[in-house]
Structures are given as structure tokens and as C-alpha cells.
$ cat start07.cif   # mmCIF, C-alpha atoms
data_protein
loop_
_atom_site.label_atom_id
_atom_site.label_comp_id
_atom_site.auth_asym_id
_atom_site.auth_seq_id
_atom_site.Cartn_x
_atom_site.Cartn_y
_atom_site.Cartn_z
CA MET A 1 -17.58 -26.34 -11.21
CA LYS A 2 -15.92 -23.49 -9.42
CA ALA A 3 -13.75 -21.55 -11.86
CA SER A 4 -11.07 -20.63 -9.34
CA GLY A 5 -8.08 -18.61 -10.44
CA THR A 6 -6.77 -19.05 -13.95
CA LEU A 7 -8.19 -22.14 -15.53
CA ARG A 8 -6.14 -24.81 -17.25
CA GLU A 9 -6.90 -26.68 -20.40
CA TYR A 10 -7.12 -30.46 -20.19
CA LYS A 11 -7.66 -33.08 -22.79
CA VAL A 12 -9.71 -35.82 -21.13
CA VAL A 13 -10.33 -39.16 -22.81
CA GLY A 14 -12.58 -41.68 -21.17
CA ARG A 15 -14.92 -44.50 -21.89
CA CYS A 16 -17.59 -46.58 -20.28
CA LEU A 17 -16.40 -49.92 -18.94
CA PRO A 18 -16.78 -52.87 -21.31
CA THR A 19 -19.95 -54.85 -20.73
CA PRO A 20 -21.15 -58.15 -22.17
CA LYS A 21 -23.37 -56.10 -24.46
CA CYS A 22 -20.60 -53.84 -25.64
CA HIS A 23 -17.03 -55.13 -25.57
CA THR A 24 -15.35 -52.06 -27.00
CA PRO A 25 -17.23 -49.01 -25.85
CA PRO A 26 -16.46 -45.78 -27.70
CA LEU A 27 -13.88 -43.37 -26.39
CA TYR A 28 -15.03 -39.89 -25.57
CA CYS A 29 -12.55 -37.10 -25.86
CA MET A 30 -13.21 -33.66 -24.49
CA ARG A 31 -11.49 -30.35 -24.18
CA ILE A 32 -12.13 -29.30 -20.57
CA PHE A 33 -11.22 -26.03 -18.94
CA ALA A 34 -10.86 -26.50 -15.21
CA PRO A 35 -8.74 -25.25 -12.28
CA ASN A 36 -7.11 -28.66 -11.78
CA HIS A 37 -7.13 -32.18 -13.15
CA ILE A 38 -9.53 -33.52 -10.50
CA VAL A 39 -12.18 -31.00 -11.43
CA ALA A 40 -11.41 -31.68 -15.09
CA LYS A 41 -12.20 -35.37 -14.69
CA SER A 42 -15.33 -34.60 -12.72
CA HIS A 43 -16.49 -32.18 -15.34
CA PHE A 44 -15.80 -34.73 -18.03
CA TRP A 45 -18.12 -37.21 -16.34
CA TYR A 46 -20.72 -34.49 -16.02
CA PHE A 47 -20.80 -34.18 -19.80
CA VAL A 48 -20.67 -37.94 -20.38
CA LEU A 49 -23.59 -38.53 -18.04
CA ALA A 50 -25.52 -35.77 -19.74
CA ALA A 51 -24.85 -37.42 -23.08
CA GLU A 52 -25.77 -40.90 -21.90
CA LYS A 53 -28.94 -39.49 -20.39
CA ASP A 54 -30.85 -42.20 -18.49
CA GLU A 55 -28.23 -44.87 -18.35
CA GLU A 56 -25.96 -45.46 -15.44
CA VAL A 57 -22.37 -44.96 -16.33
CA PHE A 58 -19.50 -47.01 -15.01
CA GLY A 59 -16.46 -45.74 -16.75
CA GLU A 60 -12.78 -45.01 -16.65
CA ILE A 61 -10.59 -42.15 -17.59
CA VAL A 62 -8.14 -43.29 -20.22
CA TYR A 63 -6.15 -40.11 -20.43
CA CYS A 64 -6.23 -36.76 -18.66
CA GLY A 65 -3.42 -34.41 -19.53
CA GLN A 66 -2.88 -30.69 -19.48
CA VAL A 67 -2.71 -28.93 -22.80
CA PHE A 68 -0.04 -26.28 -22.64
CA LYS A 69 -0.11 -22.79 -24.12
CA LYS A 70 0.73 -22.52 -27.77
CA SER A 71 2.17 -19.05 -28.18
CA PRO A 72 1.76 -17.17 -24.92
CA LEU A 73 3.67 -14.11 -26.13
CA GLN A 74 1.38 -13.10 -28.97
CA VAL A 75 -1.91 -11.36 -28.53
CA LYS A 76 -4.75 -13.29 -30.11
CA ASN A 77 -8.48 -12.91 -30.59
CA PHE A 78 -10.64 -15.73 -29.32
CA GLY A 79 -14.19 -16.58 -30.22
CA ILE A 80 -16.00 -18.59 -27.55
CA TRP A 81 -19.26 -20.37 -28.15
CA LEU A 82 -20.98 -21.25 -24.94
CA ARG A 83 -24.28 -22.20 -23.46
CA TYR A 84 -25.50 -21.00 -20.10
CA ASP A 85 -28.54 -21.16 -17.87
CA SER A 86 -30.09 -17.90 -16.87
CA CYS A 87 -33.01 -17.32 -14.51
CA ASN A 88 -35.43 -17.69 -17.37
CA GLY A 89 -33.91 -20.40 -19.51
CA THR A 90 -30.93 -21.72 -21.41
CA HIS A 91 -29.23 -19.64 -24.05
CA ASN A 92 -26.44 -19.95 -26.56
CA ILE A 93 -23.95 -17.16 -26.65
CA TYR A 94 -20.99 -16.22 -28.77
CA ARG A 95 -18.41 -14.02 -27.13
CA GLU A 96 -15.07 -12.62 -28.20
CA TYR A 97 -12.04 -11.92 -26.07
CA ARG A 98 -8.55 -10.74 -26.64
CA ASP A 99 -5.83 -12.51 -24.72
CA LEU A 100 -2.44 -14.13 -24.94
CA THR A 101 -3.67 -17.68 -24.28
CA THR A 102 -6.80 -19.77 -24.69
CA VAL A 103 -7.08 -20.38 -20.98
CA GLY A 104 -6.74 -16.64 -20.34
CA ALA A 105 -9.62 -15.97 -22.70
CA ILE A 106 -11.78 -18.70 -21.13
CA THR A 107 -11.08 -17.39 -17.64
CA GLN A 108 -12.02 -13.91 -18.86
CA CYS A 109 -15.19 -15.40 -20.30
CA TYR A 110 -16.25 -16.99 -17.01
CA ARG A 111 -15.64 -13.76 -15.15
CA ASP A 112 -17.39 -11.72 -17.80
CA MET A 113 -20.44 -13.98 -17.88
CA GLY A 114 -20.68 -13.73 -14.13
CA THR A 115 -20.56 -9.96 -14.32
CA ARG A 116 -22.82 -9.28 -17.23
CA HIS A 117 -25.29 -12.13 -17.07
CA ARG A 118 -24.98 -13.27 -13.45
CA ALA A 119 -24.16 -16.71 -14.79
CA TRP A 120 -22.41 -18.90 -12.26
CA ALA A 121 -19.64 -21.20 -13.41
CA HIS A 122 -21.76 -24.30 -12.86
CA SER A 123 -24.35 -23.03 -15.31
CA ILE A 124 -21.86 -22.36 -18.10
CA GLN A 125 -20.87 -24.96 -20.67
CA ILE A 126 -18.13 -24.10 -23.12
CA MET A 127 -19.06 -25.48 -26.51
CA LYS A 128 -16.19 -24.25 -28.61
CA VAL A 129 -13.12 -22.04 -28.37
CA GLU A 130 -11.32 -20.88 -31.45
CA GLU A 131 -8.61 -18.44 -32.26
CA ILE A 132 -10.02 -16.09 -34.86
CA ALA A 133 -8.34 -13.79 -37.29
CA ALA A 134 -8.72 -10.07 -36.83
CA SER A 135 -10.80 -9.80 -39.98
CA LYS A 136 -13.24 -12.42 -38.73
CA SER A 137 -13.98 -10.78 -35.41
CA HIS A 138 -17.41 -9.29 -34.82
CA ARG A 139 -17.37 -7.53 -31.48
CA PRO A 140 -16.32 -3.86 -31.43
CA VAL A 141 -14.58 -4.33 -28.06
CA VAL A 142 -12.09 -6.59 -29.77
CA LYS A 143 -12.11 -4.82 -33.13
CA GLN A 144 -11.02 -1.53 -31.60
CA PHE A 145 -7.65 -3.07 -30.77
CA HIS A 146 -7.02 -3.93 -34.39
CA ASP A 147 -5.91 -0.38 -34.98
CA PRO A 148 -2.09 -0.31 -34.84
CA LYS A 149 -2.14 3.33 -33.75
CA ILE A 150 -4.42 2.81 -30.79
CA LYS A 151 -3.54 4.93 -27.84
CA CYS A 152 -5.12 5.96 -24.63
CA LEU A 153 -4.56 8.45 -21.86
CA LEU A 154 -4.46 7.59 -18.23
CA PRO A 155 -5.08 11.05 -16.84
CA HIS A 156 -6.35 10.29 -13.36
CA GLN A 157 -4.82 7.08 -12.09
CA VAL A 158 -6.16 5.83 -8.80
CA LEU A 159 -3.71 3.23 -7.60
CA HIS A 160 -4.22 0.91 -4.67
CA LEU A 161 -0.83 1.90 -3.30
CA GLN A 162 -2.15 5.35 -2.64
CA HIS A 163 -3.93 3.98 0.40
CA LYS A 164 -0.69 2.71 1.84
CA PRO A 165 -0.52 5.33 4.57
CA HIS A 166 -4.19 5.51 5.47
CA PHE A 167 -3.69 8.70 7.46
CA THR A 168 -1.41 11.22 5.84
CA THR A 169 -0.98 14.92 5.39
CA LYS A 170 -0.14 14.70 1.70
CA ARG A 171 -2.66 14.31 -1.09
CA PRO A 172 -1.90 11.32 -3.32
CA ASN A 173 -0.41 11.87 -6.75
CA THR A 174 -2.65 10.65 -9.56
CA PHE A 175 -0.74 12.00 -12.53
CA PHE A 176 2.20 9.98 -13.73
CA MET B 1 -3.11 20.58 -19.71
CA VAL B 2 -1.72 19.23 -22.94
CA PHE B 3 -0.94 15.55 -22.95
CA ARG B 4 2.14 14.48 -24.84
CA CYS B 5 2.49 10.93 -23.72
CA PHE B 6 -0.06 8.24 -24.38
CA MET B 7 -0.27 4.58 -23.57
CA GLU B 8 0.73 3.52 -27.04
CA VAL B 9 2.79 0.88 -28.79
CA GLY B 10 6.44 1.90 -28.65
CA TRP B 11 6.59 3.89 -25.44
CA VAL B 12 9.15 2.96 -22.87
CA THR B 13 7.56 2.88 -19.46
CA TYR B 14 8.72 2.57 -15.91
CA ILE B 15 7.08 -0.11 -13.76
CA SER B 16 5.91 1.28 -10.44
CA PHE B 17 4.54 -1.88 -8.80
CA GLY B 18 4.34 -5.60 -9.39
CA PRO B 19 7.18 -8.13 -9.66
CA PRO B 20 9.37 -6.17 -12.11
CA THR B 21 9.22 -2.97 -10.04
CA GLY B 22 11.67 -0.26 -10.94
CA LYS B 23 12.44 -1.61 -14.40
CA LEU B 24 11.88 -0.17 -17.85
CA VAL B 25 9.80 -1.95 -20.48
CA ARG B 26 8.57 -1.17 -23.93
CA ILE B 27 4.87 -1.53 -24.76
CA VAL B 28 4.69 -4.08 -27.56
CA ASN B 29 0.94 -4.42 -27.97
CA ALA B 30 -2.32 -3.72 -26.21
CA THR B 31 -3.88 -6.93 -24.93
CA ALA B 32 -7.05 -5.37 -23.61
CA GLN B 33 -8.24 -2.06 -22.31
CA ASN B 34 -6.23 -2.31 -19.13
CA ARG B 35 -3.40 -4.65 -20.04
CA ALA B 36 -0.50 -4.44 -22.40
CA LEU B 37 2.05 -6.87 -23.68
CA ALA B 38 5.33 -5.39 -22.49
CA ASP B 39 8.91 -6.45 -23.04
CA GLY B 40 12.18 -5.41 -21.45
CA PRO B 41 14.96 -7.50 -23.02
CA CYS B 42 17.74 -5.22 -21.78
CA THR B 43 16.25 -4.80 -18.30
CA GLN B 44 15.68 -8.51 -17.56
CA VAL B 45 11.92 -8.32 -17.82
CA ARG B 46 10.30 -11.19 -19.67
CA ARG B 47 7.74 -10.47 -22.28
CA GLN B 48 4.46 -10.56 -20.41
CA ALA B 49 1.05 -9.00 -20.00
CA MET B 50 1.13 -6.07 -17.63
CA PRO B 51 -1.57 -3.73 -16.43
CA PHE B 52 -1.36 -0.15 -17.64
CA LYS B 53 -1.85 1.01 -14.06
CA SER B 54 1.56 -0.30 -13.08
CA MET B 55 3.21 1.61 -15.89
CA GLN B 56 4.42 5.17 -15.84
CA LEU B 57 5.44 6.72 -19.15
CA THR B 58 8.96 7.97 -19.70
CA ASP B 59 10.06 10.32 -22.44
CA PHE B 60 11.53 7.59 -24.61
CA ILE B 61 9.83 5.92 -27.55
CA LEU B 62 11.03 3.06 -29.73
CA ASN B 63 9.17 3.46 -32.96
CA PHE B 64 8.42 0.28 -34.76
CA PRO B 65 5.22 -1.70 -35.33
CA HIS B 66 3.35 -3.68 -32.73
CA SER B 67 4.03 -7.34 -31.89
CA ALA B 68 7.67 -7.15 -32.95
CA GLY B 69 9.85 -9.96 -31.70
CA GLN B 70 12.11 -9.65 -28.68
CA LYS B 71 15.19 -9.63 -30.91
CA TYR B 72 14.03 -6.46 -32.66
CA VAL B 73 13.07 -4.78 -29.42
CA ARG B 74 16.52 -5.50 -28.00
CA GLN B 75 18.28 -4.19 -31.11
CA ALA B 76 16.31 -0.97 -31.11
CA TRP B 77 16.79 -0.57 -27.35
CA GLN B 78 20.56 -0.95 -27.56
CA LYS B 79 20.80 1.29 -30.60
CA ALA B 80 18.85 4.05 -28.88
CA GLY B 81 20.88 3.65 -25.69
CA ILE B 82 17.77 3.88 -23.54
CA LEU B 83 19.46 2.80 -20.33
CA THR B 84 22.18 5.46 -20.47
CA LYS B 85 19.60 8.10 -21.35
CA TRP B 86 17.40 6.93 -18.51
CA ALA B 87 20.24 7.04 -15.99
CA ALA B 88 20.85 10.68 -16.97
CA THR B 89 17.26 11.73 -16.32
CA ARG B 90 16.30 13.48 -13.11
CA TRP B 91 13.69 10.82 -12.42
CA ALA B 92 16.30 8.06 -12.33
CA THR B 93 18.72 10.11 -10.23
CA TRP B 94 15.90 10.90 -7.80
CA ILE B 95 15.08 7.19 -7.47
CA GLU B 96 18.73 6.38 -6.85
CA ALA B 97 19.07 9.16 -4.29
CA ARG B 98 15.98 7.92 -2.49
CA GLU B 99 17.34 4.37 -2.41
CA ARG B 100 20.67 5.55 -1.06
CA LYS B 101 18.89 7.58 1.61
CA THR B 102 17.02 4.53 2.90
CA LYS B 103 20.29 2.61 3.11
CA MET B 104 22.08 5.31 5.10
CA THR B 105 23.88 4.17 8.23
CA ASP B 106 24.30 6.24 11.35
CA PHE B 107 27.80 7.18 10.17
CA ASP B 108 26.40 8.39 6.86
CA HIS B 109 23.89 10.50 8.74
CA TYR B 110 26.73 12.00 10.76
CA LYS B 111 28.72 12.78 7.62
CA VAL B 112 25.72 14.48 6.04
CA MET B 113 25.12 16.47 9.21
CA LYS B 114 28.72 17.69 9.20
CA VAL B 115 28.66 18.69 5.54
CA LYS B 116 25.33 20.46 5.95
CA LYS B 117 26.59 22.29 9.01
CA THR B 118 29.76 23.60 7.32
CA ARG B 119 27.81 24.60 4.25
CA ASN B 120 25.15 26.42 6.25
CA ASN B 121 27.73 28.14 8.40
CA ARG B 122 29.50 29.35 5.30
CA ILE B 123 26.25 30.79 4.00
CA ILE B 124 25.42 32.40 7.33
CA LYS B 125 28.89 33.89 7.60
CA LEU B 126 28.62 35.31 4.12
CA HIS B 127 25.35 37.02 4.96
CA VAL B 128 26.58 38.27 8.34
CA ARG B 129 29.61 39.79 6.64
CA LYS B 130 27.38 41.47 4.07
CA LEU B 131 25.19 42.92 6.84
CA GLN B 132 28.24 44.06 8.77
CA LYS B 133 29.71 45.80 5.76
CA ALA B 134 26.41 47.55 5.16
CA ALA B 135 26.17 48.50 8.85
CA LEU B 136 29.71 49.88 8.87
CA LEU B 137 29.00 52.06 5.89
CA ASN B 138 25.99 53.57 7.69
CA VAL B 139 27.31 53.87 11.30
CA PRO B 140 29.71 56.80 12.11
CA PRO B 141 33.07 55.95 13.92
CA LYS B 142 31.93 57.62 17.31
CA LYS B 143 29.73 54.64 18.21
CA ALA B 144 32.67 52.22 18.20
CA PRO B 145 33.49 52.46 22.00
CA ALA B 146 29.80 51.96 22.98
CA ALA B 147 29.90 48.50 21.44
CA LYS B 148 32.26 47.48 24.25
CA GLY B 149 29.38 47.49 26.76
CA PRO B 150 27.49 44.55 25.32
CA ALA B 151 30.84 42.84 24.77
CA GLU B 152 31.45 43.06 28.56
CA ALA B 153 28.03 41.53 29.16
CA ALA B 154 28.99 38.75 26.78
CA ALA B 155 32.12 38.14 28.84
CA LYS B 156 29.93 37.25 31.87
CA PHE B 157 28.53 34.24 29.95
CA PRO B 158 30.22 30.85 30.36
CA ALA B 159 33.54 30.45 28.60
CA LYS B 160 32.44 27.78 26.13
CA LYS B 161 29.92 30.07 24.44
CA MET B 162 32.61 32.67 23.79
CA ALA B 163 34.79 29.90 22.48
CA ALA B 164 31.99 29.00 20.08
CA ALA B 165 31.85 32.63 18.90
CA ASP B 166 35.61 32.61 18.40
CA ARG B 167 35.39 29.47 16.34
CA LYS B 168 32.74 31.06 14.16
CA ALA B 169 34.89 34.19 13.61
CA PRO B 170 35.85 34.84 9.99
CA THR B 171 39.01 33.00 9.05
CA GLN B 172 39.31 34.55 5.58
CA LYS B 173 41.81 37.31 4.75
CA ASP B 174 40.21 40.67 5.74
CA PRO B 175 40.91 43.63 3.47
CA HIS B 176 39.69 46.12 6.22
CA PRO B 177 41.96 47.54 9.02
CA GLN B 178 42.53 45.85 12.45
CA LYS B 179 40.03 48.06 14.31
CA LEU B 180 37.29 47.09 11.93
CA GLN B 181 38.08 43.41 12.38
CA ALA B 182 37.77 43.71 16.17
CA ARG B 183 34.47 45.51 15.74
CA MET B 184 33.19 42.79 13.43
CA GLN B 185 34.10 40.12 15.95
CA ARG B 186 32.23 41.97 18.64
CA LEU B 187 29.19 42.22 16.39
CA GLN B 188 29.32 38.51 15.82
CA SER B 189 29.49 37.74 19.50
CA LEU B 190 26.54 40.07 19.97
CA ARG B 191 24.63 38.04 17.46
CA LYS B 192 25.57 34.92 19.36
CA VAL B 193 24.40 36.45 22.63
CA ARG B 194 21.06 37.46 21.19
CA ASN B 195 20.41 33.90 20.08
CA LEU B 196 20.89 32.61 23.61
CA GLN B 197 18.01 34.62 25.10
CA PRO B 198 15.56 32.49 27.12
CA ARG B 199 12.29 31.53 25.43
CA ASN B 200 8.91 32.83 26.56
CA HIS B 201 7.75 29.61 28.16
CA LEU B 202 10.08 30.10 31.11
CA LEU B 203 8.49 33.38 32.10
#
$ encode --input "start07.cif" --output "C-alpha cells"
Amino acid sequence: MKASGTLREYKVVGRCLPTPKCHTPPLYCMRIFAPNHIVAKSHFWYFVLAAEKDEEVFGEIVYCGQVFKKSPLQVKNFGIWLRYDSCNGTHNIYREYRDLTTVGAITQCYRDMGTRHRAWAHSIQIMKVEEIAASKSHRPVVKQFHDPKIKCLLPHQVLHLQHKPHFTTKRPNTFF
Amino acid sequence: MVFRCFMEVGWVTYISFGPPTGKLVRIVNATAQNRALADGPCTQVRRQAMPFKSMQLTDFILNFPHSAGQKYVRQAWQKAGILTKWAATRWATWIEARERKTKMTDFDHYKVMKVKKTRNNRIIKLHVRKLQKAALLNVPPKKAPAAKGPAEAAAKFPAKKMAAADRKAPTQKDPHPQKLQARMQRLQSLRKVRNLQPRNHLL
């Protein structure tokens, strides 16, 4: 999967086609984070095939719908359990992010994993995403924002607009 | 340098780039290290995550806890009268002046040129008069006829330049006697003549 742009959350329900052996095959439901519904369905089948292991799968998607943001105007802490393949093996990881939405946190996670662990999107599998209370968070990066009086200085701001006139006689202003 | 303003919950900031450019928002919460949840209910800015880099701190602060609802932000904003206070700041007036300057038509440019010219001429005249008064106090009355020589030389110049000097003559009521007035006019024309000397590049 290519985690392009901000991902979207899909609920995908599918099943294998009924066979003479099994008339009512079980329904599999998954929470998929993908850039669009086509990739979501594809990713769903990736997991189903992995689960079914050696068997060939002829199946159908029963339902594939986007799950919309719950409360996009409140900052939340998210715990993400994932599994990824590194150069040396497969590992489980728990990461925490602070964002307004689940999809925002997951997108952050993909980017972060790429940066810190050089894990490509195709090697990452999201196991679980959960909104966690501030008291339950572990990571100091997230915990530091639980101080209501948090403040920071931006003393030397390098803005991209400063390169607007590439050749100029004036030095750019970095203090605002 | 002592820093007074911090990127903190409650500060009203000005957005310098991004979709809501030029608007004021209040920082509601810090989403991450480089993003904040900002809200501008009275400035038509939806509550959204915004990077700190696009924000520039103003002097106004709305003090109440983080993650307050939009209703409370709006109440506090209206009570504090942030928009009227902002409009009175030099920053806001500078922005407005800059905007008006970019929208100037050719006629506006002409009007500005005229106003500037009259203002500058008034200043120049004031200073010339001051210098003349000082000169008159120092110079004895014998030298008055000698000033006619350069005035004759000035007469040789084309008529329009003399007309320009006449136009620039003081129009205010002069408390000094007639002779002094004539002398001052001659001095002014002298000044005009000196300005018309050819530049070095012709030689």
C-alpha cells in the first residue's frame, strides 16, 4: 500500500464465496486505513489471504464504507499498536500520537515509522488504534502536552516565504 | 532580548500565510510541537489545526483554559473587543495602508504627488525664509545693490524659469519692509539659478 496524503478510515466487510462445502462462510470485518476505497478493498484482501494462508480465496466485498471523524475539533491522544518488517525481522511496536482525528494520527504514524525506522508503508500493519486518556499515555512526547501551561518560543522563524524574492537587497525578517 | 510573548493557550495571533491569511485567531490548544488548534469565531476562521509557523503573536490574550468551546471563545472575544483594539494598533494600520497602496490607481498616484509636492515646498520655503532672516541679520545694508548683478544674469534665462521662481515666492504676509521683500525674492531666484547649473557629465 502507498500511504498517499491523509489516509481515510474504512470499514470493510467481506466473505469468501459460498461453496458446496461451506454454504454460509463467515464474514470478516476490518478497520482499514487507506488513501481511497479501492486500496482499502485491496488491503482487506491482503489480510484475508494472509489469514486463510494456503487456500485460494474467491470472495466478495459485502460492505466498504468510509468511517467519518468523530470529534475533529478536540485534541486527542492515540495509541497505535502496529507490526512492521525491518531489515532484520518483524517487530511489534506501540506508538503514541497526538492529533485531532484517528486518521490524522495514523497518517502521522506512517510518516513517523518511515522516518525513524525506514519502514515503508507496505511493511506496516496496523493492529489496533485507540484513543487513550491523558493519564494512560506512556510516551513523554505526548505527555509533555498534558501541561495546561505549556508554552514555547519561536525566536528564529525560518519561513518558506522568505525565499520569495530569491535575489534581494534586504535580509529576511525572522522575528515576529 | 526579553521575550514577553509565547506560543501559549490564550494568545491571539495573526495568520501570515495559509488559507485564513490576514485574520486573527486564538490558540485553543497545542496539538503537537508545531501545530495548534486555533479558533477565530469573530473573524470567520473555523476551528482547525494550524502550524505555529503561520502564526504571529499579537499583544492580546484571552485568558481561559485550553479546549474551551467556540461559544466561550466568541463571548470572551466580543467582551474584550479584540477587533476594535486590533484595528487601533499600528500593525493593523500598516497592513491597511499597504493594501491601499497596492490598489492605488494612476489618479491616486497623481494626488499623492501633488500633496507631497505642496507639503515639501512648504517645508523648503520655511527653511529658506529662516536662512534668509539669518543672512539678513548678518549682512550689512551696503551689499544690497550688488545683489542686482546676479539678478540680471537670472533675467537672461528663459522666461518660464523666472515664472517658476515667481510662483515659489512667499505668499504669506511679510512683517519686514518692501525693500527687504524684494531682496528676499532676489535671493530666492538666485537659489533657483544655482539649481539649474549643468551637471559634470556634460563637461
$ atom_distance --input "start07.cif" --atom1 "CA of Phe3 in chain B" --atom2 "CA of Val28 in chain B"
20.9 Å
$ resolve_selection --input "start07.cif" --expression "the PyMOL selection byres ((chain A) within 10 of (chain B))" --output "count of residues only"
30
$ closest_residue --input "start07.cif" --among "A:Ala50, A:Cys22, A:Ala119, A:Ala40" --to "Glu9 in chain A" --atoms "all atoms listed in the file"
A:Ala40
$ atom_distance --input "start07.cif" --atom1 "CA of His156 in chain A" --atom2 "CA of Arg171 in chain A"
13.4 Å
$ atom_distance --input "start07.cif" --atom1 "CA of His127 in chain B" --atom2 "CA of Gln185 in chain B"
14.4 Å
$ resolve_selection --input "start07.cif" --expression "the PyMOL selection byres ((chain A and resi 82-84) around 7)" --output "MDAnalysis selection string"
chainID A and resid 80:81 85:86 90:94 119 123:128
$ residues_around --input "start07.cif" --residues "Gly5 in chain A" --least-positions-apart "6" --cutoff "10 Å" --atoms "only C-alpha atoms" --output "number ranges by chain"
A: 34-35, 107
$ closest_residue --input "start07.cif" --among "B:Phe60, B:Val25, B:Gln181, B:Gln132" --to "Gly81 in chain B" --atoms "all atoms listed in the file"
B:Phe60
$ resolve_selection --input "start07.cif" --expression "the PyMOL selection byres ((chain A and resi 43) around 12)" --output "PyMOL selection string"
chain A and resi 1-3+10-14+30-42+44-50+61+64+121-122+124-126
$ decode --input "start07.cif" --residues "range 163-171 of chain A" --atoms "all heavy atoms" --output "JSON list (two decimals), in the first residue's frame"
[["chain", "number", "residue", "atom", "x", "y", "z"],
["A", 163, "HIS", "N", 11.97, 33.05, 0.92],
["A", 163, "HIS", "CA", 12.72, 32.83, -0.32],
["A", 163, "HIS", "C", 11.94, 33.35, -1.52],
["A", 163, "HIS", "O", 12.34, 33.10, -2.65],
["A", 163, "HIS", "CB", 13.01, 31.35, -0.48],
["A", 163, "HIS", "CG", 13.83, 30.83, 0.65],
["A", 163, "HIS", "ND1", 15.14, 31.21, 0.86],
["A", 163, "HIS", "CD2", 13.52, 29.99, 1.65],
["A", 163, "HIS", "CE1", 15.58, 30.60, 1.95],
["A", 163, "HIS", "NE2", 14.65, 29.86, 2.44],
["A", 164, "LYS", "N", 10.85, 34.06, -1.25],
["A", 164, "LYS", "CA", 10.04, 34.54, -2.36],
["A", 164, "LYS", "C", 10.85, 35.37, -3.35],
["A", 164, "LYS", "O", 10.95, 35.01, -4.50],
["A", 164, "LYS", "CB", 8.87, 35.35, -1.84],
["A", 164, "LYS", "CG", 7.44, 34.81, -2.03],
["A", 164, "LYS", "CD", 7.17, 34.23, -3.32],
["A", 164, "LYS", "CE", 5.80, 33.65, -3.62],
["A", 164, "LYS", "NZ", 4.64, 34.32, -3.13],
["A", 165, "PRO", "N", 11.43, 36.50, -2.96],
["A", 165, "PRO", "CA", 12.40, 37.06, -3.90],
["A", 165, "PRO", "C", 13.75, 36.41, -3.65],
["A", 165, "PRO", "O", 14.38, 36.63, -2.63],
["A", 165, "PRO", "CB", 12.43, 38.55, -3.56],
["A", 165, "PRO", "CG", 11.89, 38.67, -2.18],
["A", 165, "PRO", "CD", 11.33, 37.36, -1.76],
["A", 166, "HIS", "N", 14.17, 35.58, -4.62],
["A", 166, "HIS", "CA", 15.42, 34.85, -4.41],
["A", 166, "HIS", "C", 16.61, 35.78, -4.31],
["A", 166, "HIS", "O", 17.55, 35.53, -3.58],
["A", 166, "HIS", "CB", 15.63, 33.86, -5.55],
["A", 166, "HIS", "CG", 14.86, 32.60, -5.36],
["A", 166, "HIS", "ND1", 15.34, 31.53, -4.66],
["A", 166, "HIS", "CD2", 13.62, 32.26, -5.74],
["A", 166, "HIS", "CE1", 14.41, 30.58, -4.64],
["A", 166, "HIS", "NE2", 13.37, 30.99, -5.29],
["A", 167, "PHE", "N", 16.58, 36.86, -5.11],
["A", 167, "PHE", "CA", 17.67, 37.82, -5.10],
["A", 167, "PHE", "C", 17.11, 39.13, -4.56],
["A", 167, "PHE", "O", 16.22, 39.71, -5.15],
["A", 167, "PHE", "CB", 18.24, 37.98, -6.50],
["A", 167, "PHE", "CG", 18.74, 36.67, -7.05],
["A", 167, "PHE", "CD1", 17.98, 35.95, -7.95],
["A", 167, "PHE", "CD2", 19.95, 36.16, -6.63],
["A", 167, "PHE", "CE1", 18.42, 34.74, -8.43],
["A", 167, "PHE", "CE2", 20.40, 34.94, -7.11],
["A", 167, "PHE", "CZ", 19.63, 34.23, -8.02],
["A", 168, "THR", "N", 17.63, 39.56, -3.44],
["A", 168, "THR", "CA", 17.10, 40.76, -2.81],
["A", 168, "THR", "C", 18.23, 41.48, -2.05],
["A", 168, "THR", "O", 19.26, 40.91, -1.76],
["A", 168, "THR", "CB", 15.95, 40.40, -1.85],
["A", 168, "THR", "OG1", 15.52, 41.57, -1.18],
["A", 168, "THR", "CG2", 16.39, 39.38, -0.84],
["A", 169, "THR", "N", 17.96, 42.74, -1.77],
["A", 169, "THR", "CA", 18.97, 43.50, -1.04],
["A", 169, "THR", "C", 18.65, 43.54, 0.45],
["A", 169, "THR", "O", 19.46, 44.02, 1.23],
["A", 169, "THR", "CB", 19.02, 44.94, -1.56],
["A", 169, "THR", "OG1", 17.68, 45.46, -1.58],
["A", 169, "THR", "CG2", 19.60, 45.00, -2.96],
["A", 170, "LYS", "N", 17.48, 43.04, 0.82],
["A", 170, "LYS", "CA", 17.09, 43.10, 2.24],
["A", 170, "LYS", "C", 17.24, 41.74, 2.89],
["A", 170, "LYS", "O", 16.88, 40.73, 2.30],
["A", 170, "LYS", "CB", 15.61, 43.52, 2.36],
["A", 170, "LYS", "CG", 15.34, 44.92, 1.88],
["A", 170, "LYS", "CD", 13.93, 45.31, 2.21],
["A", 170, "LYS", "CE", 12.96, 44.53, 1.33],
["A", 170, "LYS", "NZ", 11.58, 44.93, 1.62],
["A", 171, "ARG", "N", 17.73, 41.72, 4.11],
["A", 171, "ARG", "CA", 17.80, 40.46, 4.84],
["A", 171, "ARG", "C", 16.39, 40.09, 5.31],
["A", 171, "ARG", "O", 15.62, 40.97, 5.66],
["A", 171, "ARG", "CB", 18.69, 40.62, 6.07],
["A", 171, "ARG", "CG", 20.12, 40.39, 5.73],
["A", 171, "ARG", "CD", 21.04, 40.74, 6.85],
["A", 171, "ARG", "NE", 22.41, 40.44, 6.45],
["A", 171, "ARG", "CZ", 23.17, 39.53, 7.01],
["A", 171, "ARG", "NH1", 22.74, 38.84, 8.03],
["A", 171, "ARG", "NH2", 24.38, 39.31, 6.57]]
